[in-house]
Amino acid sequence: MNRLFVSAAHKSSGKTTLCIGLCAALRERGEAVQPFKKGPDYIDPLWLGLAAGRPCYNLDAYLSGEEELRAEFARRMAGASLGIVEGNKGLYDGLDLEGSNSNAALAVLLRTPVVLVLDARGMTRGIAPLILGYQAFDKNVQIAGIILNQLGGSRHEAKLRAVIKHYTGVPVLGAVQHDEHLTIVERQQGLVPSNEADAAAATGRVREIARRIASQVDLDALLAVARGAGHLPPVAVSDGNPRIKPGARVVRIGVARDAAFGFYYPGDLEALRQAGAELVAFDAMHDRRLPLIDGLFIGGGFPEMHMEALSSNVELRAELRSAIEAGLPTYAECGGLMYLARGIEWNGRRAEMVGVVPADIAMHSRPVGRGYVHLRETGASPWAGPSSSSATQIRAHEFHYSSVENLPADVKFAYEVERGHGVDGRHDGIVRGNLVASYSHLRDVEGNRWARRFVEFVRRCRTGALRVASGLS
């Protein structure tokens with residue numbers, strides 16, 4: 001498996017834009033590029049997947065064990081000629097003292113050479129001890145090359161190349177000049193998602209980035225590094241989920257896919273399909289009617305950025321409320337929770353939403369909940385798993401600038417929050433009939449096969465084996 005791990009000394013070094021350019025440029029050269037993103041992230045993978053022409057998969061050592069990560073990497077590399085893993089934060093940054101979930105640890109686990117991206121603004125000779133320190137800190141990490149970023153001109157580049165060659169011997173694989181054209185508009189959570197951009201404009205942006213990166217990075221040298229990656233030990237590879245049982249009914253699950261809602265992990269969508277769901281996309285801003293469906297999944301996104309358009313679609317909002325109140329099995333995460341509430345208030349404006357969650361959403365200038373969460377099921381969820389009656393902990397993540405206001409005191413919750421914020425610092429997963437709406441984003445991994453449980457619940461409701469809730473008690 002030819003592969004690279006692109007990391008940086010610290011966050012905001014420009015590695016995501018660089019990886020987007022590399023994926024697109026190498027794809028244009030005929031490589032079948034499989035992108036990966038380390039850690040929890042929706043936005044960067046959307047851009048990386050667009051650039052590579054293949055879905056980008058997340059590798060998260062906090063949510064998955066080592067064997068599962070190896071198997072996931074091998075499974076997704078099938079049919080690819082090159083794997084590119086983009087790290088998050090800095091190479092050695094992590095949640096614990098040992099750096100067990102750092103980029104470096106994942107690179108070692110996957111035996112993948114690291115290309116270190118360095119934001120070289122204001123640096124000359126001082127870049128040498130930085131590189132030497134990164135080399136010496138963990139001898140198991142193979143730093144195979146450097147890409148200099150945000151350079152101030154040809155003289156700056158020449159000085160840095162001379163210093164790096166004299167003191168470190170690490171090859172410089174690219175030198176990218178500071179360029180306003182090598183940017184994608186950002187907001188608090190990072191890059192603006194590609195699903196919010198016009199498709200043609202997003203594709204054109206990727207092509208322009210690829211052209212500029214290809215002219216400043218030695219792609220042949222980069223590929224040589226990837227081809228020099230060591231052999232991975234054999235690992236049992238399966239699809240990660242059992243196939244639909246013989247004779248089981250296929251159920252139709254509606255998925256909101258539009259500019260407001262785009263935060264879905266490709267692996268989770270695949271897990272829903274493998275469990276027997278036909279996923280039916282709909283546009284919450286423009287479709288006036290729901291498609292014919294048995295269940296509903298509304299993921300995360302930025303509904304506040306589109307709240308007027310969502311609110312103006314009165315017909316769909318009314319139909320959603322009626323369907324969910326009548327018992328339509330529904331799962332909503334973060335942005336989906338916000339959309340199903342009574343309304344969203346932001347910058348002195350308010351927009352009416354679906355109203356099936358009896359609460360209001362208030363936007364804030366700083367994150368309310370951010371990072372990994374630890375949950376325990378209360379048993380109140382209509383599709384609670386076996387862990388609801390045991391001590392099993394569910395790991396997930398959250399990232400929201402909004403809070404739930406004016407929620408009734410008697411509301412039921414699917415989870416107790418042991419780490420993180422959730423809805424109120426102690427609970428998450430508002431339960432209303434057959435609806436679960438939470439701030440936490442679940443991953444369908446070995447420790448929490450939520451997709452299969454949800455599909456099976458939808459199927460039981462569809463076949464009448466389970467009484468569909470009538471009313472939201």
# chains A, B, ... in the order shown; residues from 1 in each chain; ligands from 1
call {"tool": "residues_around", "arguments": {"residues": "A:Arg3", "least_positions_apart": "5", "cutoff": "8 Å", "atoms": "only C-alpha atoms", "output": "list in words"}}
result
Leu82, Gly83, Ile84, Val85, Thr112, Pro113, Ala226, Arg227 and Ala229 of chain A
call {"tool": "write_last_selection", "arguments": {"atoms": "C-alpha atoms", "output": "CSV table (one decimal), in the first residue's frame"}}
result
chain,number,residue,atom,x,y,z
A,82,LEU,CA,-2.2,5.8,-3.0
A,83,GLY,CA,-3.5,6.6,0.5
A,84,ILE,CA,-3.1,10.1,2.0
A,85,VAL,CA,-3.9,10.5,5.7
A,112,THR,CA,3.3,5.3,7.3
A,113,PRO,CA,6.0,7.9,6.5
A,226,ALA,CA,4.8,6.9,-0.5
A,227,ARG,CA,6.1,3.9,-2.4
A,229,ALA,CA,6.3,2.8,3.0
call {"tool": "select_by_dssp", "arguments": {"residues": "stretch 36-187 of chain A", "states": "helix (DSSP H, G or I)", "output": "MDAnalysis selection string"}}
result
chainID A and resid 43:52 66:76 103:109 127:137 154:167
call {"tool": "write_last_selection", "arguments": {"atoms": "N, CA and C atoms", "output": "short mmCIF file (atom, residue, chain, number, x, y, z; two decimals), in the first residue's frame"}}
result
data_model
loop_
_atom_site.label_atom_id
_atom_site.label_comp_id
_atom_site.auth_asym_id
_atom_site.auth_seq_id
_atom_site.Cartn_x
_atom_site.Cartn_y
_atom_site.Cartn_z
N ILE A 43 -15.88 18.50 8.08
CA ILE A 43 -15.70 19.51 7.03
C ILE A 43 -14.49 19.20 6.14
N ASP A 44 -13.32 18.97 6.74
CA ASP A 44 -12.14 18.65 5.93
C ASP A 44 -12.38 17.43 5.04
N PRO A 45 -13.00 16.35 5.57
CA PRO A 45 -13.24 15.19 4.71
C PRO A 45 -14.15 15.49 3.52
N LEU A 46 -15.09 16.43 3.66
CA LEU A 46 -15.92 16.78 2.52
C LEU A 46 -15.07 17.32 1.38
N TRP A 47 -14.13 18.21 1.70
CA TRP A 47 -13.24 18.78 0.69
C TRP A 47 -12.27 17.74 0.15
N LEU A 48 -11.71 16.92 1.04
CA LEU A 48 -10.76 15.90 0.61
C LEU A 48 -11.43 14.87 -0.30
N GLY A 49 -12.66 14.49 0.03
CA GLY A 49 -13.38 13.55 -0.80
C GLY A 49 -13.70 14.13 -2.17
N LEU A 50 -14.05 15.42 -2.21
CA LEU A 50 -14.30 16.08 -3.48
C LEU A 50 -13.04 16.10 -4.33
N ALA A 51 -11.91 16.39 -3.70
CA ALA A 51 -10.64 16.47 -4.44
C ALA A 51 -10.20 15.10 -4.96
N ALA A 52 -10.39 14.06 -4.18
CA ALA A 52 -9.91 12.73 -4.55
C ALA A 52 -10.90 11.96 -5.42
N GLU A 66 -6.80 -0.38 18.06
CA GLU A 66 -5.75 -0.48 17.05
C GLU A 66 -6.11 -1.45 15.93
N GLU A 67 -6.63 -2.62 16.27
CA GLU A 67 -6.97 -3.60 15.23
C GLU A 67 -8.08 -3.09 14.33
N GLU A 68 -9.05 -2.40 14.93
CA GLU A 68 -10.13 -1.84 14.11
C GLU A 68 -9.60 -0.76 13.17
N LEU A 69 -8.67 0.05 13.64
CA LEU A 69 -8.09 1.09 12.79
C LEU A 69 -7.30 0.47 11.63
N ARG A 70 -6.50 -0.56 11.93
CA ARG A 70 -5.74 -1.23 10.86
C ARG A 70 -6.69 -1.83 9.82
N ALA A 71 -7.74 -2.48 10.31
CA ALA A 71 -8.69 -3.12 9.40
C ALA A 71 -9.43 -2.08 8.57
N GLU A 72 -9.81 -0.97 9.19
CA GLU A 72 -10.51 0.09 8.47
C GLU A 72 -9.62 0.68 7.38
N PHE A 73 -8.36 0.91 7.71
CA PHE A 73 -7.43 1.44 6.72
C PHE A 73 -7.27 0.48 5.55
N ALA A 74 -7.07 -0.79 5.84
CA ALA A 74 -6.89 -1.78 4.78
C ALA A 74 -8.14 -1.93 3.94
N ARG A 75 -9.30 -1.91 4.57
CA ARG A 75 -10.56 -2.07 3.84
C ARG A 75 -10.77 -0.91 2.87
N ARG A 76 -10.52 0.31 3.32
CA ARG A 76 -10.77 1.48 2.48
C ARG A 76 -9.71 1.65 1.39
N ASN A 103 -1.25 12.14 16.11
CA ASN A 103 -0.93 11.82 14.73
C ASN A 103 0.26 10.87 14.66
N ALA A 104 1.26 11.15 15.49
CA ALA A 104 2.46 10.32 15.49
C ALA A 104 2.13 8.87 15.81
N ALA A 105 1.27 8.66 16.81
CA ALA A 105 0.91 7.30 17.19
C ALA A 105 0.18 6.58 16.06
N LEU A 106 -0.69 7.30 15.35
CA LEU A 106 -1.41 6.68 14.24
C LEU A 106 -0.47 6.38 13.08
N ALA A 107 0.48 7.29 12.82
CA ALA A 107 1.46 7.05 11.75
C ALA A 107 2.30 5.82 12.06
N VAL A 108 2.68 5.64 13.32
CA VAL A 108 3.46 4.46 13.71
C VAL A 108 2.60 3.21 13.58
N LEU A 109 1.36 3.28 14.03
CA LEU A 109 0.46 2.13 13.95
C LEU A 109 0.30 1.67 12.50
N ILE A 127 14.49 27.09 11.88
CA ILE A 127 13.72 25.93 11.44
C ILE A 127 14.48 24.63 11.68
N ALA A 128 15.82 24.71 11.73
CA ALA A 128 16.63 23.50 11.91
C ALA A 128 16.40 22.82 13.26
N PRO A 129 16.51 23.54 14.39
CA PRO A 129 16.25 22.85 15.66
C PRO A 129 14.81 22.35 15.79
N LEU A 130 13.88 23.03 15.12
CA LEU A 130 12.51 22.54 15.14
C LEU A 130 12.42 21.15 14.49
N ILE A 131 13.01 21.01 13.32
CA ILE A 131 12.98 19.73 12.61
C ILE A 131 13.76 18.67 13.38
N LEU A 132 14.93 19.04 13.88
CA LEU A 132 15.74 18.08 14.64
C LEU A 132 15.00 17.60 15.88
N GLY A 133 14.30 18.50 16.53
CA GLY A 133 13.53 18.11 17.71
C GLY A 133 12.42 17.15 17.38
N TYR A 134 11.73 17.40 16.28
CA TYR A 134 10.66 16.51 15.87
C TYR A 134 11.20 15.14 15.48
N GLN A 135 12.37 15.11 14.88
CA GLN A 135 12.99 13.82 14.54
C GLN A 135 13.39 13.05 15.79
N ALA A 136 13.95 13.74 16.77
CA ALA A 136 14.51 13.08 17.95
C ALA A 136 13.44 12.69 18.96
N PHE A 137 12.30 13.35 18.93
CA PHE A 137 11.30 13.15 19.98
C PHE A 137 10.79 11.72 20.01
N SER A 154 11.20 33.95 -3.01
CA SER A 154 12.26 33.04 -3.44
C SER A 154 13.50 33.12 -2.54
N ARG A 155 13.85 34.30 -2.04
CA ARG A 155 15.01 34.43 -1.16
C ARG A 155 14.76 33.69 0.16
N HIS A 156 13.55 33.83 0.68
CA HIS A 156 13.18 33.13 1.91
C HIS A 156 13.27 31.62 1.70
N GLU A 157 12.77 31.15 0.59
CA GLU A 157 12.82 29.73 0.27
C GLU A 157 14.26 29.23 0.17
N ALA A 158 15.12 29.98 -0.50
CA ALA A 158 16.51 29.56 -0.68
C ALA A 158 17.22 29.44 0.67
N LYS A 159 16.99 30.40 1.57
CA LYS A 159 17.62 30.36 2.89
C LYS A 159 17.17 29.12 3.67
N LEU A 160 15.89 28.85 3.64
CA LEU A 160 15.37 27.70 4.38
C LEU A 160 15.88 26.39 3.81
N ARG A 161 15.91 26.27 2.51
CA ARG A 161 16.42 25.04 1.91
C ARG A 161 17.88 24.81 2.30
N ALA A 162 18.68 25.86 2.30
CA ALA A 162 20.09 25.73 2.66
C ALA A 162 20.25 25.30 4.12
N VAL A 163 19.46 25.91 5.01
CA VAL A 163 19.53 25.57 6.44
C VAL A 163 19.12 24.11 6.67
N ILE A 164 18.03 23.71 6.06
CA ILE A 164 17.52 22.35 6.26
C ILE A 164 18.51 21.31 5.73
N LYS A 165 19.08 21.58 4.58
CA LYS A 165 20.05 20.65 4.00
C LYS A 165 21.30 20.55 4.87
N HIS A 166 21.80 21.67 5.36
CA HIS A 166 23.04 21.69 6.13
C HIS A 166 22.90 21.01 7.49
N TYR A 167 21.77 21.25 8.18
CA TYR A 167 21.65 20.79 9.56
C TYR A 167 20.85 19.49 9.73
#
call {"tool": "select_by_dssp", "arguments": {"residues": "stretch 16-177 of chain A", "states": "strand (DSSP E or B)", "output": "ChimeraX atom specification"}}
result
/A:33-38,57-59,82-86,114-119,143-151,172-177
call {"tool": "closest_residue", "arguments": {"among": "A:Phe297, A:Phe36, A:Tyr339, A:Tyr401", "to": "A:Leu59", "atoms": "only C-alpha atoms"}}
result
A:Phe36
call {"tool": "closest_residue", "arguments": {"among": "A:Glu405, A:Glu325, A:Glu31, A:Glu333", "to": "A:Met363", "atoms": "only C-alpha atoms"}}
result
A:Glu405
call {"tool": "residues_around", "arguments": {"residues": "A:Ala32", "least_positions_apart": "6", "cutoff": "10 Å", "atoms": "only C-alpha atoms", "output": "list in words"}}
result
Cys23, Leu26, Ala52, Gly53, Arg54, Met77, Gly79, Ala80, Ser81, Leu82 and Gly83 of chain A
call {"tool": "residues_around", "arguments": {"residues": "A:Gly90", "least_positions_apart": "5", "cutoff": "6 Å", "atoms": "only C-alpha atoms", "output": "list in words"}}
result
Ala8, Ala9, His10 and Lys11 of chain A
call {"tool": "write_last_selection", "arguments": {"atoms": "N, CA and C atoms", "output": "PDB file, in the first residue's frame"}}
result
ATOM      1  N   ALA A   8       1.602  18.311  10.684  1.00  0.00           N
ATOM      2  CA  ALA A   8       2.189  19.642  10.822  1.00  0.00           C
ATOM      3  C   ALA A   8       2.755  19.793  12.218  1.00  0.00           C
ATOM      4  N   ALA A   9       3.507  20.864  12.405  1.00  0.00           N
ATOM      5  CA  ALA A   9       4.043  21.138  13.738  1.00  0.00           C
ATOM      6  C   ALA A   9       2.949  21.645  14.675  1.00  0.00           C
ATOM      7  N   HIS A  10       1.970  22.320  14.122  1.00  0.00           N
ATOM      8  CA  HIS A  10       0.866  22.843  14.925  1.00  0.00           C
ATOM      9  C   HIS A  10      -0.326  23.060  14.008  1.00  0.00           C
ATOM     10  N   LYS A  11      -1.500  23.246  14.616  1.00  0.00           N
ATOM     11  CA  LYS A  11      -2.703  23.454  13.820  1.00  0.00           C
ATOM     12  C   LYS A  11      -2.618  24.795  13.081  1.00  0.00           C
TER      13      LYS A  11
END
call {"tool": "residues_around", "arguments": {"residues": "A:Leu296", "least_positions_apart": "4", "cutoff": "6 Å", "atoms": "only C-alpha atoms", "output": "ChimeraX atom specification"}}
result
/A:253-254,330
call {"tool": "write_last_selection", "arguments": {"atoms": "N, CA and C atoms", "output": "PDB file, in the first residue's frame"}}
result
ATOM      1  N   ILE A 253     -34.977   5.147   4.592  1.00  0.00           N
ATOM      2  CA  ILE A 253     -34.661   6.170   5.598  1.00  0.00           C
ATOM      3  C   ILE A 253     -34.309   7.466   4.877  1.00  0.00           C
ATOM      4  N   GLY A 254     -35.058   8.502   5.167  1.00  0.00           N
ATOM      5  CA  GLY A 254     -34.786   9.812   4.598  1.00  0.00           C
ATOM      6  C   GLY A 254     -33.579  10.451   5.277  1.00  0.00           C
ATOM      7  N   THR A 330     -37.056   8.668  14.175  1.00  0.00           N
ATOM      8  CA  THR A 330     -36.213   9.785  13.754  1.00  0.00           C
ATOM      9  C   THR A 330     -34.987   9.899  14.645  1.00  0.00           C
TER      10      THR A 330
END
call {"tool": "atom_distance", "arguments": {"atom1": "atom CA of A:Arg252", "atom2": "atom CA of A:Gly379"}}
result
25.4 Å
call {"tool": "residues_around", "arguments": {"residues": "A:Leu219", "least_positions_apart": "2", "cutoff": "10 Å", "atoms": "only C-alpha atoms", "output": "JSON, numbers by chain"}}
result
{"A": [22, 25, 26, 29, 173, 174, 213, 214, 215, 216, 217, 221, 222, 223, 224, 225]}
call {"tool": "write_last_selection", "arguments": {"atoms": "C-alpha atoms", "output": "mmCIF file, in the first residue's frame"}}
result
data_model
loop_
_atom_site.group_PDB
_atom_site.id
_atom_site.type_symbol
_atom_site.label_atom_id
_atom_site.label_comp_id
_atom_site.auth_asym_id
_atom_site.auth_seq_id
_atom_site.Cartn_x
_atom_site.Cartn_y
_atom_site.Cartn_z
ATOM 1 C CA LEU A 22 -2.262 17.004 -3.395
ATOM 2 C CA ALA A 25 -3.207 16.945 -8.413
ATOM 3 C CA LEU A 26 -2.273 13.287 -7.945
ATOM 4 C CA ARG A 29 -1.955 12.237 -12.787
ATOM 5 C CA LEU A 173 9.515 17.993 -1.031
ATOM 6 C CA GLY A 174 7.824 21.300 -1.662
ATOM 7 C CA ILE A 213 0.173 23.061 -5.332
ATOM 8 C CA ALA A 214 1.383 20.904 -8.246
ATOM 9 C CA SER A 215 3.631 23.715 -9.427
ATOM 10 C CA GLN A 216 5.306 24.059 -6.014
ATOM 11 C CA VAL A 217 5.502 20.482 -4.712
ATOM 12 C CA ALA A 221 9.474 12.811 -4.914
ATOM 13 C CA LEU A 222 6.289 12.655 -2.866
ATOM 14 C CA LEU A 223 5.188 9.485 -4.644
ATOM 15 C CA ALA A 224 8.625 7.969 -4.107
ATOM 16 C CA VAL A 225 8.213 8.480 -0.370
#
call {"tool": "residues_around", "arguments": {"residues": "A:Ser402", "least_positions_apart": "3", "cutoff": "12 Å", "atoms": "only C-alpha atoms", "output": "PDB file with C-alpha atoms, in the first residue's frame"}}
result
ATOM      1  CA  PHE A 302     -24.992  24.868  10.001  1.00  0.00           C
ATOM      2  CA  PRO A 303     -28.766  25.418  10.041  1.00  0.00           C
ATOM      3  CA  GLU A 304     -28.212  28.862  11.558  1.00  0.00           C
ATOM      4  CA  CYS A 334     -26.622  18.607  16.520  1.00  0.00           C
ATOM      5  CA  GLY A 335     -27.789  20.660  13.530  1.00  0.00           C
ATOM      6  CA  LEU A 337     -31.616  18.861  16.844  1.00  0.00           C
ATOM      7  CA  MET A 338     -31.511  22.608  16.210  1.00  0.00           C
ATOM      8  CA  TYR A 339     -33.779  22.270  13.178  1.00  0.00           C
ATOM      9  CA  ALA A 341     -36.603  22.745  17.914  1.00  0.00           C
ATOM     10  CA  GLY A 343     -36.768  28.190  16.612  1.00  0.00           C
ATOM     11  CA  ILE A 344     -33.217  29.464  16.299  1.00  0.00           C
ATOM     12  CA  GLU A 345     -32.135  32.840  17.685  1.00  0.00           C
ATOM     13  CA  TRP A 346     -28.928  34.371  16.318  1.00  0.00           C
ATOM     14  CA  ASP A 360     -35.542  27.085  21.658  1.00  0.00           C
ATOM     15  CA  ILE A 361     -32.020  27.278  20.276  1.00  0.00           C
ATOM     16  CA  ALA A 362     -29.712  30.175  21.147  1.00  0.00           C
ATOM     17  CA  MET A 363     -26.463  30.766  19.271  1.00  0.00           C
ATOM     18  CA  HIS A 364     -23.311  31.924  21.105  1.00  0.00           C
ATOM     19  CA  SER A 365     -19.985  33.431  20.084  1.00  0.00           C
ATOM     20  CA  ARG A 366     -17.965  30.697  21.793  1.00  0.00           C
ATOM     21  CA  PRO A 367     -18.367  26.893  21.816  1.00  0.00           C
ATOM     22  CA  VAL A 368     -20.838  25.500  24.323  1.00  0.00           C
ATOM     23  CA  GLY A 369     -19.736  21.902  23.842  1.00  0.00           C
ATOM     24  CA  ARG A 370     -16.491  20.900  22.200  1.00  0.00           C
ATOM     25  CA  GLU A 398     -19.654  17.201  20.031  1.00  0.00           C
ATOM     26  CA  PHE A 399     -18.925  20.651  18.645  1.00  0.00           C
ATOM     27  CA  GLU A 405     -33.215  26.889  26.129  1.00  0.00           C
ATOM     28  CA  HIS A 421     -21.732  19.076  27.767  1.00  0.00           C
ATOM     29  CA  GLY A 422     -24.566  17.596  25.710  1.00  0.00           C
ATOM     30  CA  VAL A 423     -27.867  19.404  26.230  1.00  0.00           C
ATOM     31  CA  ASP A 424     -27.425  20.650  29.799  1.00  0.00           C
ATOM     32  CA  TYR A 439     -25.768  17.190  20.336  1.00  0.00           C
TER      33      TYR A 439
END
